[in-house]
Every structure is written in structure tokens, then in C-alpha cells.
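This is input_39.txt (compact mmCIF, C-alpha atoms).
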```
# COMPACT_ATOMS: atom_id res chain seq x y z
CA MET A 1 -3.28 -21.60 -9.22
CA PRO A 2 -2.71 -18.20 -10.90
CA TYR A 3 -2.22 -15.79 -8.00
CA LEU A 4 -3.25 -12.34 -9.23
CA ASP A 5 -3.78 -10.56 -5.91
CA SER A 6 -0.34 -9.35 -4.88
CA ASN A 7 -1.65 -5.95 -3.78
CA ALA A 8 -3.47 -7.83 -1.02
CA THR A 9 -0.31 -9.68 -0.02
CA THR A 10 2.75 -11.17 -1.68
CA GLN A 11 4.25 -14.58 -1.16
CA VAL A 12 7.25 -14.69 1.14
CA ASP A 13 10.45 -14.91 -0.89
CA PRO A 14 12.28 -18.20 -0.09
CA GLU A 15 15.46 -16.21 0.64
CA VAL A 16 13.51 -14.11 3.14
CA PHE A 17 12.16 -17.24 4.80
CA GLU A 18 15.64 -18.72 5.13
CA ALA A 19 17.02 -15.47 6.57
CA MET A 20 14.48 -15.38 9.39
CA LEU A 21 14.67 -19.07 10.38
CA PRO A 22 17.77 -18.85 12.63
CA PHE A 23 16.01 -16.19 14.71
CA LEU A 24 13.09 -18.54 15.28
CA LYS A 25 15.44 -21.32 16.42
CA GLU A 26 18.99 -20.75 17.68
CA GLN A 27 19.20 -16.95 17.86
CA TYR A 28 16.19 -16.34 20.08
CA ALA A 29 17.75 -14.04 22.72
CA ASN A 30 16.02 -10.81 23.69
CA PRO A 31 17.99 -8.02 21.97
CA SER A 32 17.60 -5.78 25.04
CA ALA A 33 19.68 -8.12 27.21
CA SER A 34 23.41 -7.54 27.74
CA TYR A 35 24.98 -10.98 27.15
CA ARG A 36 26.72 -12.13 23.98
CA GLN A 37 23.77 -13.92 22.35
CA ALA A 38 21.61 -10.83 22.83
CA ARG A 39 24.27 -8.55 21.37
CA GLN A 40 24.40 -10.76 18.27
CA VAL A 41 20.63 -10.40 17.83
CA ARG A 42 20.90 -6.65 18.35
CA LYS A 43 23.55 -6.47 15.62
CA ALA A 44 21.25 -8.37 13.24
CA ILE A 45 18.48 -5.85 13.92
CA ASP A 46 20.90 -3.01 13.20
CA ILE A 47 21.77 -4.60 9.85
CA ALA A 48 18.07 -4.97 8.99
CA ARG A 49 17.51 -1.32 9.84
CA GLN A 50 20.33 -0.38 7.47
CA GLN A 51 18.79 -2.52 4.71
CA VAL A 52 15.36 -0.91 5.07
CA ALA A 53 16.89 2.56 5.21
CA ALA A 54 18.89 1.88 2.05
CA LEU A 55 15.74 0.88 0.15
CA ILE A 56 14.23 4.35 0.64
CA ASP A 57 17.52 6.29 0.76
CA ALA A 58 17.13 7.17 4.46
CA GLU A 59 19.43 7.08 7.46
CA PRO A 60 19.13 3.99 9.71
CA GLU A 61 18.23 6.12 12.74
CA GLU A 62 15.21 7.42 10.82
CA ILE A 63 13.63 3.94 10.66
CA ILE A 64 11.17 2.71 13.31
CA PHE A 65 10.03 -0.91 13.06
CA THR A 66 6.26 -1.38 13.44
CA SER A 67 3.69 -4.14 13.17
CA GLY A 68 2.81 -3.05 9.64
CA GLY A 69 1.51 -0.22 7.48
CA THR A 70 -1.58 0.54 9.56
CA GLU A 71 0.42 1.18 12.72
CA ALA A 72 3.01 3.20 10.81
CA ASN A 73 0.35 5.42 9.21
CA ASN A 74 -1.54 5.94 12.45
CA ALA A 75 1.62 6.73 14.39
CA ALA A 76 2.73 9.30 11.81
CA VAL A 77 -0.64 11.06 11.53
CA PHE A 78 -1.29 11.37 15.25
CA SER A 79 2.30 12.36 16.04
CA ALA A 80 2.21 15.17 13.48
CA LEU A 81 -1.17 16.42 14.65
CA THR A 82 -0.51 16.34 18.39
CA LEU A 83 3.17 17.19 18.76
CA HIS A 84 5.02 18.99 16.04
CA TYR A 85 2.76 22.02 15.64
CA PRO A 86 0.80 22.37 18.91
CA ASN A 87 -1.07 25.41 17.57
CA LYS A 88 -1.96 23.79 14.23
CA THR A 89 -4.64 21.10 14.04
CA HIS A 90 -5.80 21.07 10.41
CA LEU A 91 -5.30 17.81 8.45
CA VAL A 92 -5.51 17.58 4.65
CA THR A 93 -5.76 14.22 2.88
CA ALA A 94 -7.43 12.68 -0.17
CA LYS A 95 -10.70 10.82 -0.55
CA THR A 96 -8.88 7.88 -2.14
CA GLU A 97 -6.52 7.16 0.75
CA HIS A 98 -6.34 3.76 2.43
CA SER A 99 -8.50 3.29 5.52
CA ALA A 100 -5.30 3.36 7.63
CA VAL A 101 -5.26 7.12 6.93
CA LEU A 102 -8.96 7.82 6.39
CA GLU A 103 -10.06 6.30 9.69
CA PRO A 104 -7.56 8.34 11.76
CA ALA A 105 -8.77 11.40 9.83
CA LYS A 106 -12.37 10.60 10.74
CA ARG A 107 -11.37 10.09 14.38
CA TRP A 108 -9.67 13.50 14.32
CA MET A 109 -12.90 15.01 12.98
CA MET A 110 -14.93 13.30 15.74
CA GLU A 111 -12.68 15.06 18.23
CA GLY A 112 -13.81 18.36 16.75
CA GLN A 113 -10.69 19.05 14.72
CA PRO A 114 -10.64 20.37 11.11
CA VAL A 115 -10.03 17.91 8.25
CA SER A 116 -10.18 18.54 4.50
CA PHE A 117 -10.65 15.67 2.03
CA LEU A 118 -9.29 16.37 -1.45
CA ASN A 119 -11.22 15.32 -4.54
CA VAL A 120 -9.55 13.40 -7.34
CA SER A 121 -10.00 13.48 -11.11
CA ASP A 122 -11.68 10.69 -13.05
CA ASP A 123 -8.26 9.09 -13.53
CA GLY A 124 -7.67 9.05 -9.77
CA GLN A 125 -5.18 11.90 -9.52
CA VAL A 126 -5.23 14.35 -6.64
CA ASN A 127 -6.36 17.80 -7.76
CA LEU A 128 -3.33 20.02 -7.12
CA ASN A 129 -5.35 23.19 -7.77
CA GLU A 130 -7.75 22.19 -5.01
CA LEU A 131 -4.78 21.45 -2.77
CA GLY A 132 -3.78 25.09 -3.07
CA HIS A 133 -7.10 26.11 -1.57
CA CYS A 134 -7.16 23.47 1.17
CA ILE A 135 -3.79 24.04 2.84
CA ILE A 136 -4.12 26.99 5.19
CA PRO A 137 -0.90 28.65 6.41
CA ASN A 138 -0.71 28.81 10.21
CA GLN A 139 -3.53 26.23 10.47
CA THR A 140 -2.61 23.13 8.45
CA ALA A 141 -0.36 20.77 10.39
CA LEU A 142 -0.18 17.84 8.00
CA LEU A 143 -0.78 16.87 4.37
CA SER A 144 -1.08 13.12 3.78
CA ILE A 145 -1.08 11.77 0.20
CA MET A 146 -0.45 8.12 -0.67
CA TRP A 147 2.39 7.28 -3.04
CA ALA A 148 0.44 4.69 -5.03
CA ASN A 149 -3.20 3.69 -4.69
CA ASN A 150 -3.82 0.14 -3.56
CA GLU A 151 -6.93 -0.33 -5.74
CA THR A 152 -5.94 1.33 -9.02
CA GLY A 153 -2.14 1.65 -8.82
CA VAL A 154 -2.39 5.37 -9.64
CA ILE A 155 0.78 7.15 -8.49
CA GLY A 156 0.30 10.38 -6.58
CA PRO A 157 2.05 13.71 -7.23
CA ILE A 158 4.33 13.22 -4.25
CA ALA A 159 7.06 15.71 -5.19
CA GLN A 160 4.60 18.54 -5.90
CA ALA A 161 2.43 17.81 -2.86
CA ALA A 162 5.35 17.52 -0.44
CA GLY A 163 6.91 20.71 -1.77
CA PHE A 164 3.63 22.59 -1.50
CA ALA A 165 3.12 21.39 2.07
CA HIS A 166 6.53 22.66 3.16
CA GLU A 167 6.10 25.95 1.33
CA ASN A 168 3.00 26.53 3.44
CA GLY A 169 4.47 25.44 6.77
CA ALA A 170 2.89 21.97 6.94
CA LEU A 171 4.44 18.53 7.37
CA PHE A 172 4.09 15.85 4.70
CA HIS A 173 3.27 12.17 5.19
CA THR A 174 2.91 9.48 2.54
CA ASP A 175 1.45 6.00 2.77
CA ALA A 176 3.96 4.26 0.50
CA VAL A 177 2.83 0.73 1.34
CA GLN A 178 2.02 -0.22 -2.27
CA ALA A 179 4.95 1.65 -3.81
CA ILE A 180 7.91 0.32 -1.84
CA GLY A 181 9.88 -2.30 -3.74
CA LYS A 182 7.99 -1.52 -6.96
CA VAL A 183 9.27 1.96 -7.83
CA PRO A 184 12.43 3.78 -6.72
CA VAL A 185 11.88 5.85 -3.57
CA SER A 186 14.29 8.42 -2.14
CA VAL A 187 13.34 10.44 0.92
CA LYS A 188 16.52 12.46 0.49
CA LYS A 189 15.42 13.79 -2.90
CA LEU A 190 11.93 14.77 -1.72
CA PRO A 191 10.78 16.79 1.32
CA ILE A 192 9.04 13.85 3.00
CA ASP A 193 8.64 13.92 6.78
CA TYR A 194 6.93 10.56 7.37
CA LEU A 195 6.69 7.47 5.16
CA ALA A 196 4.92 4.18 5.97
CA LEU A 197 5.78 0.79 4.48
CA SER A 198 4.63 -2.79 5.03
CA GLY A 199 6.71 -5.92 4.52
CA HIS A 200 4.04 -8.24 3.19
CA LYS A 201 3.61 -6.05 0.12
CA PHE A 202 7.15 -6.84 -1.07
CA HIS A 203 7.70 -10.48 -0.12
CA ALA A 204 8.26 -10.32 3.64
CA PRO A 205 5.77 -11.84 6.12
CA LYS A 206 2.63 -10.15 7.39
CA GLY A 207 2.93 -8.37 10.73
CA ILE A 208 6.06 -6.28 10.11
CA GLY A 209 6.52 -2.81 8.68
CA ALA A 210 8.37 0.40 9.28
CA LEU A 211 7.86 4.11 9.66
CA TYR A 212 10.39 6.59 8.32
CA VAL A 213 10.55 9.73 10.46
CA SER A 214 12.83 12.43 9.10
CA LYS A 215 15.44 13.65 11.54
CA ARG A 216 14.13 17.14 10.75
CA VAL A 217 10.93 16.51 12.72
CA ARG A 218 9.97 15.41 16.19
CA PHE A 219 8.02 12.23 16.91
CA LYS A 220 5.52 11.39 19.63
CA PRO A 221 5.40 7.64 20.33
CA TRP A 222 2.03 6.06 21.02
CA MET A 223 3.40 2.66 22.05
CA LEU A 224 4.77 3.22 25.54
CA GLY A 225 6.65 0.79 27.73
CA GLY A 226 10.25 -0.37 27.81
CA GLY A 227 11.55 2.25 25.40
CA GLN A 228 12.62 0.01 22.54
CA GLU A 229 13.31 1.50 19.10
CA ASN A 230 15.23 4.34 20.74
CA GLY A 231 12.18 5.25 22.81
CA ARG A 232 9.95 5.66 19.77
CA ARG A 233 8.08 2.34 19.75
CA SER A 234 8.07 0.24 22.91
CA GLY A 235 7.64 -3.52 22.96
CA THR A 236 10.11 -6.38 22.59
CA GLU A 237 11.24 -6.44 18.97
CA ASN A 238 9.73 -8.99 16.59
CA VAL A 239 13.23 -10.13 15.67
CA PRO A 240 12.60 -12.84 13.04
CA PHE A 241 10.20 -10.60 11.13
CA ILE A 242 12.53 -7.59 11.37
CA ILE A 243 15.29 -9.72 9.86
CA ALA A 244 12.85 -10.81 7.16
CA LEU A 245 11.94 -7.20 6.38
CA GLY A 246 15.61 -6.30 6.04
CA LYS A 247 16.27 -9.19 3.68
CA ALA A 248 13.17 -8.35 1.62
CA ALA A 249 14.38 -4.76 1.35
CA GLU A 250 17.79 -5.91 0.14
CA LEU A 251 16.21 -8.17 -2.49
CA ALA A 252 13.82 -5.41 -3.57
CA MET A 253 16.76 -3.07 -4.19
CA ASN A 254 18.44 -5.72 -6.32
CA HIS A 255 15.32 -6.33 -8.39
CA LEU A 256 14.71 -2.61 -8.90
CA SER A 257 18.24 -2.24 -10.25
CA GLN A 258 17.75 -5.24 -12.56
CA GLY A 259 14.60 -3.85 -14.18
CA THR A 260 12.23 -6.44 -12.72
CA SER A 261 9.50 -3.80 -12.35
CA ALA A 262 9.47 -3.26 -16.12
CA ALA A 263 9.07 -6.99 -16.70
CA ILE A 264 6.10 -7.12 -14.34
CA ALA A 265 4.55 -4.11 -16.10
CA THR A 266 4.89 -5.90 -19.44
CA LEU A 267 3.00 -8.90 -18.04
CA ARG A 268 0.30 -6.59 -16.67
CA ASP A 269 0.00 -4.66 -19.96
CA THR A 270 -0.36 -7.84 -21.98
CA PHE A 271 -3.00 -9.10 -19.54
CA GLU A 272 -4.96 -5.84 -19.79
CA GLN A 273 -4.80 -5.53 -23.56
CA THR A 274 -5.89 -9.12 -24.10
CA LEU A 275 -8.92 -8.62 -21.87
CA LEU A 276 -9.83 -5.27 -23.43
CA ASN A 277 -9.68 -6.82 -26.91
CA ALA A 278 -11.67 -9.90 -25.93
CA ILE A 279 -14.42 -8.26 -23.85
CA PRO A 280 -16.24 -5.38 -25.60
CA GLY A 281 -17.03 -2.45 -23.32
CA SER A 282 -14.40 -3.31 -20.72
CA ARG A 283 -12.08 -0.56 -19.49
CA VAL A 284 -9.25 0.12 -17.06
CA HIS A 285 -9.83 2.48 -14.15
CA GLY A 286 -7.08 5.11 -14.05
CA ALA A 287 -5.75 4.09 -17.47
CA SER A 288 -4.72 7.62 -18.42
CA ALA A 289 -2.72 8.18 -15.22
CA ILE A 290 0.77 7.02 -14.33
CA ARG A 291 0.24 3.71 -12.54
CA LEU A 292 2.23 1.01 -10.82
CA GLY A 293 3.10 -1.72 -13.28
CA THR A 294 1.70 -4.25 -10.82
CA THR A 295 -1.93 -3.17 -10.75
CA SER A 296 -4.97 -3.41 -13.01
CA ASN A 297 -8.50 -2.46 -11.98
CA LEU A 298 -10.89 -3.52 -14.74
CA TYR A 299 -14.57 -2.86 -15.39
CA PHE A 300 -16.52 -5.55 -17.22
CA PRO A 301 -20.01 -4.73 -18.53
CA ASN A 302 -23.05 -6.76 -17.50
CA ILE A 303 -21.40 -8.78 -14.75
CA ASP A 304 -21.51 -8.79 -10.96
CA ALA A 305 -18.09 -8.59 -9.33
CA ALA A 306 -19.05 -10.72 -6.33
CA GLY A 307 -20.40 -13.46 -8.58
CA LEU A 308 -17.41 -13.27 -10.92
CA LEU A 309 -15.02 -13.61 -7.98
CA ILE A 310 -16.84 -16.81 -6.95
CA MET A 311 -16.54 -18.19 -10.48
CA LEU A 312 -12.84 -17.30 -10.67
CA ASP A 313 -12.19 -18.80 -7.26
CA ALA A 314 -13.78 -22.04 -8.44
CA LYS A 315 -11.24 -21.96 -11.31
CA ASN A 316 -8.37 -21.37 -8.82
CA ILE A 317 -7.83 -17.73 -9.86
CA ALA A 318 -7.00 -15.42 -6.95
CA CYS A 319 -8.00 -11.75 -7.38
CA SER A 320 -10.21 -9.27 -5.53
CA GLY A 321 -12.97 -6.70 -5.82
CA GLY A 322 -10.79 -3.93 -4.38
CA SER A 323 -8.92 -3.42 -1.12
CA ALA A 324 -8.42 -6.70 0.72
CA CYS A 325 -9.32 -4.81 3.91
CA HIS A 326 -12.90 -4.35 2.67
CA THR A 327 -13.74 -7.58 0.85
CA ALA A 328 -16.31 -8.56 3.48
CA GLN A 329 -18.17 -5.26 3.13
CA LEU A 330 -20.94 -4.76 0.61
CA HIS A 331 -20.60 -1.06 -0.17
CA PRO A 332 -18.85 -0.01 -3.41
CA SER A 333 -15.20 1.00 -3.46
CA HIS A 334 -14.67 4.47 -1.99
CA VAL A 335 -11.71 4.88 -4.38
CA LEU A 336 -13.78 4.28 -7.52
CA GLU A 337 -16.60 6.39 -6.10
CA ALA A 338 -14.21 9.31 -5.58
CA MET A 339 -13.12 8.90 -9.22
CA GLY A 340 -16.71 9.44 -10.33
CA VAL A 341 -17.45 5.77 -11.06
CA SER A 342 -21.10 4.91 -10.42
CA ALA A 343 -21.96 2.41 -7.69
CA GLU A 344 -23.25 0.04 -10.37
CA ASP A 345 -20.03 0.20 -12.39
CA ALA A 346 -17.90 -0.13 -9.24
CA GLN A 347 -19.71 -3.37 -8.48
CA ARG A 348 -18.71 -4.60 -11.94
CA SER A 349 -15.00 -4.00 -11.37
CA ILE A 350 -12.22 -6.40 -10.37
CA ARG A 351 -8.67 -5.70 -9.22
CA PHE A 352 -5.82 -7.86 -10.48
CA SER A 353 -2.28 -7.38 -9.18
CA PHE A 354 1.04 -8.97 -10.06
CA SER A 355 4.51 -9.63 -8.65
CA ARG A 356 7.88 -10.91 -9.82
CA PHE A 357 6.77 -14.44 -8.97
CA ASN A 358 4.11 -14.42 -11.70
CA THR A 359 5.14 -16.26 -14.88
CA GLN A 360 3.99 -15.67 -18.45
CA ASP A 361 2.25 -19.06 -18.51
CA GLU A 362 0.47 -18.35 -15.23
CA VAL A 363 -0.76 -14.94 -16.41
CA ALA A 364 -1.82 -16.38 -19.78
CA LEU A 365 -3.87 -19.04 -18.01
CA GLY A 366 -5.39 -16.38 -15.75
CA THR A 367 -6.23 -14.19 -18.73
CA GLN A 368 -8.02 -16.96 -20.61
CA THR A 369 -9.93 -18.02 -17.50
CA VAL A 370 -11.10 -14.46 -16.79
CA ILE A 371 -12.33 -14.12 -20.39
CA GLU A 372 -14.24 -17.40 -20.17
CA CYS A 373 -15.83 -16.54 -16.82
CA VAL A 374 -16.82 -13.00 -17.83
CA LYS A 375 -18.46 -14.24 -21.04
CA LYS A 376 -20.22 -17.03 -19.17
CA MET A 377 -21.60 -14.56 -16.63
CA GLN A 378 -22.69 -12.18 -19.38
CA GLU A 379 -24.53 -15.04 -21.08
CA LEU A 380 -26.25 -15.97 -17.83
CA LYS A 381 -27.22 -12.35 -17.22
CA GLY A 382 -28.60 -12.11 -20.75
CA ASP A 383 -30.64 -15.30 -20.31
CA ASN A 384 -32.07 -13.96 -17.06
CA LEU A 385 -33.06 -10.71 -18.75
CA VAL A 386 -34.90 -12.64 -21.46
CA VAL A 387 -36.74 -14.77 -18.92
CA GLN A 388 -37.69 -11.73 -16.84
CA SER A 389 -39.09 -9.94 -19.91
CA THR A 390 -41.32 -12.87 -20.94
CA PRO A 391 -45.04 -12.45 -19.90
```

Written as C-alpha cells, that's how I'd like the structure from this file.
Amino acid sequence: MPYLDSNATTQVDPEVFEAMLPFLKEQYANPSASYRQARQVRKAIDIARQQVAALIDAEPEEIIFTSGGTEANNAAVFSALTLHYPNKTHLVTAKTEHSAVLEPAKRWMMEGQPVSFLNVSDDGQVNLNELGHCIIPNQTALLSIMWANNETGVIGPIAQAAGFAHENGALFHTDAVQAIGKVPVSVKKLPIDYLALSGHKFHAPKGIGALYVSKRVRFKPWMLGGGQENGRRSGTENVPFIIALGKAAELAMNHLSQGTSAAIATLRDTFEQTLLNAIPGSRVHGASAIRLGTTSNLYFPNIDAAGLLIMLDAKNIACSGGSACHTAQLHPSHVLEAMGVSAEDAQRSIRFSFSRFNTQDEVALGTQTVIECVKKMQELKGDNLVVQSTP
């Protein structure tokens, strides 16, 4: 089964699975206890924190373990807006952000607070000129721009945006869920205040993530209780999954240094070019922008994405119509809409995404199957048009 939906979730690396198993069996002590077994578990958590910190070039004390990217993004946004600058309430973000940022922004608006949503160009890039007009000194508390878009793979202007935010007295947050483990990330080289990541996007299990909070800024926890995570996120630690996240981070660092990302990009590029050559009128959304090498969002003329997904599923091809968080909803992609894509064309677009577990043979099989299914659907559409036009 060609699995071409790694932006939705990645398979758990076997080494990650093996690393977490002892903490589901023998090493089950609560790390907050004082006896020897508990201290051993606490030490394992400390090592995992170091591994995650190393992946993004942070300090271990700047890492807070969370349940995933959604919690990390929400915690960062609401902390920045309600604590750090008590006299500033303005939030600036982009129309193409993930719902884990857009929904908190909408909630902030419902509470009567000012929010600005940046437009993007037709290749999905944030308009930096517009950013200059949206950030208001003495009013803007936070600028939030995602590192890489989950639907198109377009990489945001993080260095420029973060620098501009700080120049104007605002904090900077980035949803880096899709970027981590796929491109090098260093929070020491960029003025980033908050960064969210999620383990299941780079071969750890679902249900574990982390929030980087720079030691330059304060943080207001919204999970209150026993004071775990140094008082910043209460709740008994999800030890096996934290260990898994640490191991996944270590493996991701190794693969980044070995050039695995370039190999994945080559697979993706071959996949795209073959489809573009075989299907006249097809195109790649965001093709002119710098993109993750893992992501391809393709438009196919005269097809219906929902129907094509059913056909591909019947052929054991896993892919999606956009964000996995919205597959049950009927409205077109808000990302493609913000890029100026019509609702009709958005409903003719499919997202394919790749990982280091994809093989050349698997991708070749997926490519051929997509071509066959698209052409079959186009033929069926054409036949229906002929029938409908007959008196």
C-alpha cells in the first residue's frame, strides 16, 4: 500500500517503538516520586528533553512537553497575549495558518480583541510588505507565522518575520509542526520566542509534542495542577511517549545530517514531474515558492477530489484532499482559497506527502495509479457531459 500522506501522520520508527517499550512495561514508576525507580524514569525524561532541545538548537529548560502541536500552539498564543505584554492585545497571523492557530485567533476576536490576518501571494508566501502595515508598535503583542504549510509545504519567511516582530516590540511564535525533522531549525540563530512541534509528524507516536519557550520571555501555564514540567504544564508525564519523542528527535538529527531530506525531495520531484507530464493541465500549488521536499499539492483538471480519493483508496493509495484535520468537512481548503485558488479548482486538488520510509518502487506504483485514476475519472466526466448534452 503506497502511503503518500505523511503530512497527516508518519509511521512510528521501529527504533522509536523499541525505545518506549520499557516504559510501558518495567519502568512504569511515576517520575514525581522519590524512590529509585522513579528517579530512573525522571532521568530518562531529562535525556529526552535534551534530545528534543538539540534538534532545534535550544536549551533543555526551554522545552515543555505537551500532548501535541495543537496544545503547544494554543499555550503559546494565549500565554503571549495574556501575560507578557499586559497592555498589548493585538495579534497578527496569516490566513494560511493551521486551525490550531486560526481558531485561537478567532476566539481572541470573539472576546473583543484586535486580530489582523495577513494575505498571502498566489504561491502561498506571506506578504512582508503587508506585515509592515499590520504590526502596530505599542499595540501588537504577538506575530504568529508557521514555518512550513501543512497543505502546500510552502516555507514561511521566518527570519524576516521574527526580526520584524522584535524590531517593533512584539513577540514571535511559529507553528513548526510540519518543518521539524525535515529542515534544519535553530532557535539560537533566529529571534523566535515560541515554537510548537508534534511527534507524529516525524516518526514518534500521536499524542506527544513540545513547546519551546525562550528563556527571554515569560510563560503563563494553562494546565494547572501538580506543577509538573517545572510548573509550566501540570499533569503526570506521558513517560513512554516522551521517551519516544526524544528518540525520534535523535533519529531526525541523524537523518538531517545524512542528507535524507534531499533524497525525499528527489522522490517528490520525480513524482510531480511524472504526473505533470502525463496529465495535461495539471499544476502544483506553490510551485514557485520554496517548499518542503516532502509535500506536493496538485491540481488535476476535470476531476472531483472527493471522488478521486475514493478511487485511490480502492487501489490502496493513501493521500488526502488537504489538512487531515478537515477531511470530514465539505468546504474548500482555506489555504488554497487564501492563495487565490477558486473553490472549483480547490475541489480538484489532492495533497501527497512523503517520508524517509517511502521507497522508489512504492512511489512509482503510486504515481502510475494516480495517473490511471485521474484519466479514468476524466473519461467518466467527459462521458457524463456528453450524455447531459444529448436532447

Between CA of Leu83 (chain A) and CA of Leu143 (chain A), what is the distance, to one decimal in Å?
->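 Atom-to-atom, CA of Leu83 (chain A) to CA of Leu143 (chain A), that is 14.9 Å.
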
Kindly indicate which residue among A:Arg218, A:Arg348, A:Lys188, A:Arg107 lies nearest to Met377 (chain A), using only C-alpha atoms for the distances.
-> A:Arg348

What does the distance between CA of Leu55 (chain A) and CA of Ala19 (chain A) come to in Å, to one decimal place?
->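 One can read the CA of Leu55 (chain A) to CA of Ala19 (chain A) distance as 17.6 Å.
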
Can you pull out every residue within 8 Å of Ile135 (chain A), counting all atoms listed in the file, but drop anything in the same chain fewer than 5 positions away, and send it as an mmCIF file with C-alpha atoms, keeping the file's coordinate frame?
```
data_model
loop_
_atom_site.group_PDB
_atom_site.id
_atom_site.type_symbol
_atom_site.label_atom_id
_atom_site.label_comp_id
_atom_site.auth_asym_id
_atom_site.auth_seq_id
_atom_site.Cartn_x
_atom_site.Cartn_y
_atom_site.Cartn_z
ATOM 1 C CA VAL A 92 -5.510 17.580 4.650
ATOM 2 C CA THR A 140 -2.610 23.130 8.450
ATOM 3 C CA LEU A 143 -0.780 16.870 4.370
ATOM 4 C CA ALA A 165 3.120 21.390 2.070
ATOM 5 C CA ASN A 168 3.000 26.530 3.440
#
```

Residue among A:Val284, A:Ala44, A:Val120, A:Ile243 lying closest to His334 (chain A), counting only C-alpha atoms | A:Val120

Work out how far CA of Ala29 (chain A) is from CA of Asn238 (chain A), in Å to one decimal.
->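 So the answer is 11.3 Å.
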
Can you tell me, as a PDB file with C-alpha atoms, in the coordinates of the input, which residues sit within 7 Å of (0.1, -6.1, 6.3) in the file's frame, using only C-alpha atoms?
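Saved file selection10.pdb follows:
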```pdb
ATOM      1  CA  GLY A  68       2.810  -3.050   9.640  1.00  0.00           C
ATOM      2  CA  GLY A  69       1.510  -0.220   7.480  1.00  0.00           C
ATOM      3  CA  SER A 198       4.630  -2.790   5.030  1.00  0.00           C
ATOM      4  CA  GLY A 199       6.710  -5.920   4.520  1.00  0.00           C
ATOM      5  CA  HIS A 200       4.040  -8.240   3.190  1.00  0.00           C
ATOM      6  CA  LYS A 206       2.630 -10.150   7.390  1.00  0.00           C
ATOM      7  CA  GLY A 207       2.930  -8.370  10.730  1.00  0.00           C
TER       8      GLY A 207
END
```

Counting all atoms listed in the file, closest pick from A:Arg216, A:Lys43, A:Lys189, A:Lys376 relative to Ile303 (chain A) is A:Lys376

Padding of 3 Å on every side, edges along x, y and z, all listed atoms of region 79-84 of chain A included: what centre and edge lengths in Å, to one decimal, does that box have, as lines of an AutoDock Vina configuration file?
```
center_x = 1.9
center_y = 15.7
center_z = 16.1
size_x = 12.2
size_y = 12.6
size_z = 11.3
```

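Compared by their closest atoms to Ala318 (chain A), and using only C-alpha atoms, the residues A:Met110, A:Leu131, A:Val363, A:Leu380 rank with A:Val363 nearest.
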
Tell me which protein, DNA and RNA residues are within 12 Å of Leu308 (chain A), counting only C-alpha atoms, leaving out same-chain ones fewer than 6 positions away, and put them as a list of chain:residue names.
-> A:Tyr299, A:Phe300, A:Pro301, A:Asn302, A:Ala314, A:Lys315, A:Ile317, A:Ala318, A:Cys319, A:Ser320, A:Gly321, A:Gln347, A:Arg348, A:Ser349, A:Ile350, A:Arg351, A:Thr369, A:Val370, A:Ile371, A:Glu372, A:Cys373, A:Val374, A:Lys375, A:Lys376, A:Met377, A:Gln378, A:Leu380, A:Lys381

Written file, previous selection with C-alpha atoms, as a tab-separated table (two decimals), in the coordinates of the input:
```tsv
chain	number	residue	atom	x	y	z
A	299	TYR	CA	-14.57	-2.86	-15.39
A	300	PHE	CA	-16.52	-5.55	-17.22
A	301	PRO	CA	-20.01	-4.73	-18.53
A	302	ASN	CA	-23.05	-6.76	-17.50
A	314	ALA	CA	-13.78	-22.04	-8.44
A	315	LYS	CA	-11.24	-21.96	-11.31
A	317	ILE	CA	-7.83	-17.73	-9.86
A	318	ALA	CA	-7.00	-15.42	-6.95
A	319	CYS	CA	-8.00	-11.75	-7.38
A	320	SER	CA	-10.21	-9.27	-5.53
A	321	GLY	CA	-12.97	-6.70	-5.82
A	347	GLN	CA	-19.71	-3.37	-8.48
A	348	ARG	CA	-18.71	-4.60	-11.94
A	349	SER	CA	-15.00	-4.00	-11.37
A	350	ILE	CA	-12.22	-6.40	-10.37
A	351	ARG	CA	-8.67	-5.70	-9.22
A	369	THR	CA	-9.93	-18.02	-17.50
A	370	VAL	CA	-11.10	-14.46	-16.79
A	371	ILE	CA	-12.33	-14.12	-20.39
A	372	GLU	CA	-14.24	-17.40	-20.17
A	373	CYS	CA	-15.83	-16.54	-16.82
A	374	VAL	CA	-16.82	-13.00	-17.83
A	375	LYS	CA	-18.46	-14.24	-21.04
A	376	LYS	CA	-20.22	-17.03	-19.17
A	377	MET	CA	-21.60	-14.56	-16.63
A	378	GLN	CA	-22.69	-12.18	-19.38
A	380	LEU	CA	-26.25	-15.97	-17.83
A	381	LYS	CA	-27.22	-12.35	-17.22
```

Between A:Gln228, A:Ser99, A:Ser121, A:Arg49, which is the closest to Pro31 (chain A) once you count only C-alpha atoms?
->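 For Pro31 (chain A), the nearest of the candidates is A:Gln228.
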
Would you please work out which residue, of A:Val187, A:Ala48, A:Ala33, A:Met223, is nearest to Asn74 (chain A) when using all atoms listed in the file?
->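 Among the listed residues, the smallest separation from Asn74 (chain A) belongs to A:Met223.
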
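For region 248-259 of chain A, the residues within 8 Å (counting only C-alpha atoms, excluding itself and residues fewer than 4 positions away along the chain) are Asp13, Val16, Gln51, Val52, Leu55, Gly181, Lys182, Val183, Pro184, Gly199, Phe202, His203, Ala204, Ala244 and Ala263 of chain A.
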
For the point (10.5, -16.0, 12.2) in file coordinates, what residues are within 9 Å, counting only C-alpha atoms? Give the answer as a list in words?
->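 Answer for this query, in the requested form: Phe17, Ala19, Met20, Leu21, Pro22, Phe23, Leu24, Lys25, Pro205, Asn238, Val239, Pro240, Phe241, Ile242, Ile243 and Ala244 of chain A.
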
What's the 8 Å shell around Asn316 (chain A), counting all atoms listed in the file, without same-chain residues fewer than 4 positions away, as a PyMOL selection string?
-> chain A and resi 1-2+312

Determine, counting only C-alpha atoms, which protein, DNA and RNA residues have an atom within 12 Å of an atom of Lys88 (chain A); residues of the same chain fewer than 5 positions away are not included. Present the result as a PyMOL selection string.
-> chain A and resi 80-83+113-115+135-142+169-171
